[in-house]
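*Asks:* Take this structure first; my questions come after.
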Amino acid sequence: MWLVLTVASLISALGTTHGLFGKLNPESPEVTMNISQMISYWGYPSEEYDVVTEDGYILGINRIPYGKKNSGNKDAGYDVWLGNSRGNTWARRNLYYSPDSVEFWAFSFDEMAKYDLPATIDFIVKKTGQKKLHYVGHSQGTTIGFIAFSTNPMLAERIETFYALAPVATVKYTKSLLNKLKFIPPSFFKIIFGDKIFFPHNFFDQFLATEVCSRQTMDLLCSNALFIICGFDHKNLNMSRLDVYISHNPAGTSVQDALHWSQAVRSGKFQAFNWGSPVQNMMHYNQPTPPYYNVTAMNVPIAVWSGGNDWLADPQDVGMLLPKLPNLIYHKEISFYNHLDFIWAMDAPQEVYNEIVSMMTEGKK
C-alpha cells in the first residue's frame, strides 16, 4: 500500500494530464453509487431498510425481492437480503452516539454476532413471514454466524442452512497482514491506531479508484495492493471492475475489532474480546478471562467452501474447524482460490454460487 501511496502522490504532483501512467480507462458509474443504485443499475428491483439493534445501532440493509423482469436469462428468483455490520460505510449511525465519539466504536465482531445478526434476521423474518432463512456468509460474515448460531439457539432455529465461504474462526495460521498485528503490544494498539475507526474508506481510496487504478498500466499494481491482505489470484479478477472494488473497499470497522483479530492471531483461539484485565473481563463476562466460542454447539446444517491459497482463512485453520462442526453437510476446497475469489473471481458462479443455488433448490423438494 505504501508503494501505491507513493505512486499516487507522484501522479498528484505531476498532474493527471501528463499521461505518465497511461490513459484513463472509462470510469464505471458504479464508483459513485450506493448499494441500491448498483442493484438497480444491473436491472434488479431494489428495496432499502433500516434495522435498529438492541443497543441502538442503525444498520442499512438492502433487498432484491425477486429476479429481473423480462430477462432472457433464467433467474433463480430468490428473495435476497444484503446485511451490514456496524461501523461500515452503510451502518455508521446510532440512536445515542455520534460516529465521532469513542463510545460509538467500542465494539468488535462480538457485538456484530450478539446484536447485528439477530436484529437483521428478526427484521427479515417479520417482513417476509418466512419461518426459516438461508444464510450465506463470507469471511467475518462466517465468524459472526459461528458465534450467533452457537450461542443463540432460538436464532439458530431460523436458519435452514449456513453457507460459509472462506470461513474464519481461529486465525492461528493466517499468512495475511493480519498476522503482523500480533507483534503490536495490546497496550500500544490504540495508541497507534486510535480508539475509533480502523481502515476507513476515505478520500485517498476514492482517489486510487478514479485516478490511479483506472489507468491501464496501473491495474497490476492496484490489484496486488488489494490482494496483499488476502492472497493473489490476478488471472481470476475482472480487471475492468477494479475501480469499483477499490472505490468501495475497505468499508471500515472499529479499531477494537482489529484489536480483537490481533488477539485471535496471538492466542490461536476462537474467543471473545479481551478487555485487558481480569477486572474488566469480570465486568463483561463474569469471569476473569474471555469465554471461548464453542462451534460444536452449532447444530445448523453448514456447507463450506474454502480456498487452498487463502492467506487469511488458512487451510490449516479451516482443517481444525471442520471436524468441530456437528452438522457439516458439504465441503469443497478450491485449491487455487484466495480469500477474495469467493466474491470477485470470474469463475465464482461455476465454482461456488451455482452449487449454493442447487442446494437451496434441493432443500425445497
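Lettering and numbering for the C-alpha cells are positional, with chains as A, B, ... in the shown order, residues counted from 1 in each chain, and ligands counted from 1 in the shown order.
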Which of range 4-143 of chain A counts as helix (DSSP H, G or I) under DSSP, as a count of residues only please?
*Replies:* 49
*Asks:* Excluding Asp122 in chain A and residues on its chain fewer than 4 positions from it, collect all residues at most 12 Å away from it, counting only C-alpha atoms, and give them as a list of chain:residue names.
*Replies:*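 The residues that qualify are A:Val51, A:Val52, A:Thr53, A:Glu54, A:Tyr115, A:Asp116, A:Leu117, A:Pro118, A:Lys126, A:Lys127, A:Thr128, A:Gly129, A:Gln130, A:Lys131, A:Lys132, A:Leu133, A:Met154, A:Leu155, A:Ala156, A:Glu157, A:Arg158, A:Ile159.
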*Asks:* Store the residues of this selection in a file with C-alpha atoms, as a PDB file, in the first residue's frame.
*Replies:*
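File result-v3.pdb, as written:
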```pdb
ATOM      1  CA  VAL A  51     -32.612  -2.159  11.105  1.00  0.00           C
ATOM      2  CA  VAL A  52     -32.190  -0.880  14.663  1.00  0.00           C
ATOM      3  CA  THR A  53     -30.251  -3.147  17.021  1.00  0.00           C
ATOM      4  CA  GLU A  54     -30.966  -3.650  20.704  1.00  0.00           C
ATOM      5  CA  TYR A 115     -26.804  -7.706  18.204  1.00  0.00           C
ATOM      6  CA  ASP A 116     -26.432  -7.057  14.453  1.00  0.00           C
ATOM      7  CA  LEU A 117     -27.133 -10.502  13.028  1.00  0.00           C
ATOM      8  CA  PRO A 118     -30.094 -11.288  15.324  1.00  0.00           C
ATOM      9  CA  LYS A 126     -41.125 -10.338  10.333  1.00  0.00           C
ATOM     10  CA  LYS A 127     -41.064  -8.615   6.948  1.00  0.00           C
ATOM     11  CA  THR A 128     -41.334 -11.754   4.838  1.00  0.00           C
ATOM     12  CA  GLY A 129     -43.257 -14.139   7.077  1.00  0.00           C
ATOM     13  CA  GLN A 130     -40.695 -16.851   6.333  1.00  0.00           C
ATOM     14  CA  LYS A 131     -40.053 -19.253   9.177  1.00  0.00           C
ATOM     15  CA  LYS A 132     -36.520 -20.106   8.045  1.00  0.00           C
ATOM     16  CA  LEU A 133     -33.802 -18.382   6.030  1.00  0.00           C
ATOM     17  CA  MET A 154     -33.597 -19.516  19.024  1.00  0.00           C
ATOM     18  CA  LEU A 155     -31.779 -17.668  16.244  1.00  0.00           C
ATOM     19  CA  ALA A 156     -30.215 -20.896  15.000  1.00  0.00           C
ATOM     20  CA  GLU A 157     -33.718 -22.389  14.653  1.00  0.00           C
ATOM     21  CA  ARG A 158     -34.452 -19.777  11.999  1.00  0.00           C
ATOM     22  CA  ILE A 159     -31.597 -20.881   9.723  1.00  0.00           C
TER      23      ILE A 159
END
```
*Asks:* Between A:Ala91, A:Ile147, A:Met360, A:Ala164, single out the one closest to Ala303 in chain A, counting only C-alpha atoms.
*Replies:* A:Ala164
*Asks:* Can you list, as a PyMOL selection string, every residue of range 232-324 of chain A that DSSP puts in strand (DSSP E)?
*Replies:* chain A and resi 253-254+302-307
*Asks:* Taking N, CA, C and O atoms for each residue, export the selection above as a PDB file, in the first residue's frame.
*Replies:*
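Below is the file part-v4.pdb, written as the result:
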```
ATOM      1  N   THR A 253     -14.081  -0.500   9.815  1.00  0.00           N
ATOM      2  CA  THR A 253     -14.562  -1.156  11.021  1.00  0.00           C
ATOM      3  C   THR A 253     -13.946  -0.418  12.201  1.00  0.00           C
ATOM      4  O   THR A 253     -13.324   0.633  12.028  1.00  0.00           O
ATOM      5  N   SER A 254     -14.096  -0.952  13.394  1.00  0.00           N
ATOM      6  CA  SER A 254     -13.546  -0.278  14.573  1.00  0.00           C
ATOM      7  C   SER A 254     -12.124  -0.748  14.856  1.00  0.00           C
ATOM      8  O   SER A 254     -11.733  -1.854  14.489  1.00  0.00           O
ATOM      9  N   ILE A 302     -24.452 -26.906   7.748  1.00  0.00           N
ATOM     10  CA  ILE A 302     -23.493 -25.962   7.167  1.00  0.00           C
ATOM     11  C   ILE A 302     -22.765 -26.575   5.984  1.00  0.00           C
ATOM     12  O   ILE A 302     -22.330 -27.734   6.032  1.00  0.00           O
ATOM     13  N   ALA A 303     -22.660 -25.789   4.915  1.00  0.00           N
ATOM     14  CA  ALA A 303     -21.876 -26.161   3.739  1.00  0.00           C
ATOM     15  C   ALA A 303     -20.719 -25.173   3.639  1.00  0.00           C
ATOM     16  O   ALA A 303     -20.915 -23.962   3.779  1.00  0.00           O
ATOM     17  N   VAL A 304     -19.526 -25.683   3.396  1.00  0.00           N
ATOM     18  CA  VAL A 304     -18.312 -24.863   3.453  1.00  0.00           C
ATOM     19  C   VAL A 304     -17.562 -24.900   2.125  1.00  0.00           C
ATOM     20  O   VAL A 304     -17.373 -25.971   1.538  1.00  0.00           O
ATOM     21  N   TRP A 305     -17.142 -23.730   1.677  1.00  0.00           N
ATOM     22  CA  TRP A 305     -16.240 -23.595   0.538  1.00  0.00           C
ATOM     23  C   TRP A 305     -14.991 -22.876   1.027  1.00  0.00           C
ATOM     24  O   TRP A 305     -15.082 -21.773   1.587  1.00  0.00           O
ATOM     25  N   SER A 306     -13.831 -23.464   0.846  1.00  0.00           N
ATOM     26  CA  SER A 306     -12.589 -22.861   1.322  1.00  0.00           C
ATOM     27  C   SER A 306     -11.566 -22.804   0.192  1.00  0.00           C
ATOM     28  O   SER A 306     -11.699 -23.498  -0.817  1.00  0.00           O
ATOM     29  N   GLY A 307     -10.551 -21.971   0.378  1.00  0.00           N
ATOM     30  CA  GLY A 307      -9.538 -21.779  -0.655  1.00  0.00           C
ATOM     31  C   GLY A 307      -8.189 -22.338  -0.254  1.00  0.00           C
ATOM     32  O   GLY A 307      -7.711 -22.105   0.859  1.00  0.00           O
TER      33      GLY A 307
END
```
*Asks:* For the contact check between range 134-203 of chain A and range 332-346 of chain A, emit one row per residue of range 134-203 of chain A within 9 Å, containing the shortest atom pair and the distance in Å rounded to one decimal, counting only C-alpha atoms, chain then rising number order, as CSV.
*Replies:*
```
residue,atom,partner,partner_atom,distance
A:His138,CA,A:Phe342,CA,7.8
A:Ser139,CA,A:His339,CA,7.8
A:Leu165,CA,A:Phe342,CA,6.6
A:Ala166,CA,A:His339,CA,6.2
```
*Asks:* Hey, what's within 9 Å of range 326-329 of chain A if we count only C-alpha atoms and toss same-chain stuff fewer than 2 positions away? As a PyMOL selection string, please?
*Replies:* chain A and resi 295-304+322-324+331
*Asks:* Leaving out Gln37 in chain A and any residue of its chain fewer than 5 positions from it, which residues lie within 9 Å of it when counting only C-alpha atoms, given as a ChimeraX atom specification?
*Replies:* /A:30,42,46
*Asks:* Find the residues around Phe183 in chain A up to 12 Å (only C-alpha atoms counted), leave out those fewer than 6 positions away in its own chain, and share them as a PDB file with C-alpha atoms, in the first residue's frame.
*Replies:*
```pdb
ATOM      1  CA  LEU A 177      -1.096  -8.828   7.006  1.00  0.00           C
ATOM      2  CA  PHE A 189      -2.510  -0.829  19.737  1.00  0.00           C
ATOM      3  CA  LEU A 259      -7.529  -5.425  18.069  1.00  0.00           C
ATOM      4  CA  SER A 262      -4.878  -9.370  16.619  1.00  0.00           C
ATOM      5  CA  GLN A 263      -5.729 -11.082  19.919  1.00  0.00           C
ATOM      6  CA  VAL A 265      -3.850 -14.327  15.935  1.00  0.00           C
ATOM      7  CA  ARG A 266      -1.778 -14.152  19.105  1.00  0.00           C
TER       8      ARG A 266
END
```
*Asks:* From the options A:Ser277, A:Thr142, A:Asn249, A:Gln256, which residue's atoms come nearest to Ala169 in chain A, counting only C-alpha atoms?
*Replies:*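 The closest residue to Ala169 in chain A is A:Thr142.
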*Asks:* As a PyMOL selection string, please: the residues near Leu312 in chain A (cut-off 7 Å, only C-alpha atoms, same-chain neighbours under 5 positions excluded).
*Replies:* chain A and resi 174-176+230+339
*Asks:* Now that the selection is made, can you save its residues with C-alpha atoms as a PDB file, in the first residue's frame?
*Replies:*
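Done, and the output landed in selection.pdb:
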```pdb
ATOM      1  CA  THR A 174      -3.029 -16.844   8.853  1.00  0.00           C
ATOM      2  CA  LYS A 175      -0.376 -15.551   6.461  1.00  0.00           C
ATOM      3  CA  SER A 176      -2.118 -12.249   5.761  1.00  0.00           C
ATOM      4  CA  CYS A 230      -5.716 -11.979   1.346  1.00  0.00           C
ATOM      5  CA  HIS A 339      -9.819 -15.066   0.224  1.00  0.00           C
TER       6      HIS A 339
END
```
*Asks:* Can you work out which one of A:Val352, A:Tyr292, A:Thr143, A:His234 has the shortest atom-to-atom distance to Tyr330 in chain A, counting only C-alpha atoms?
*Replies:* A:Val352
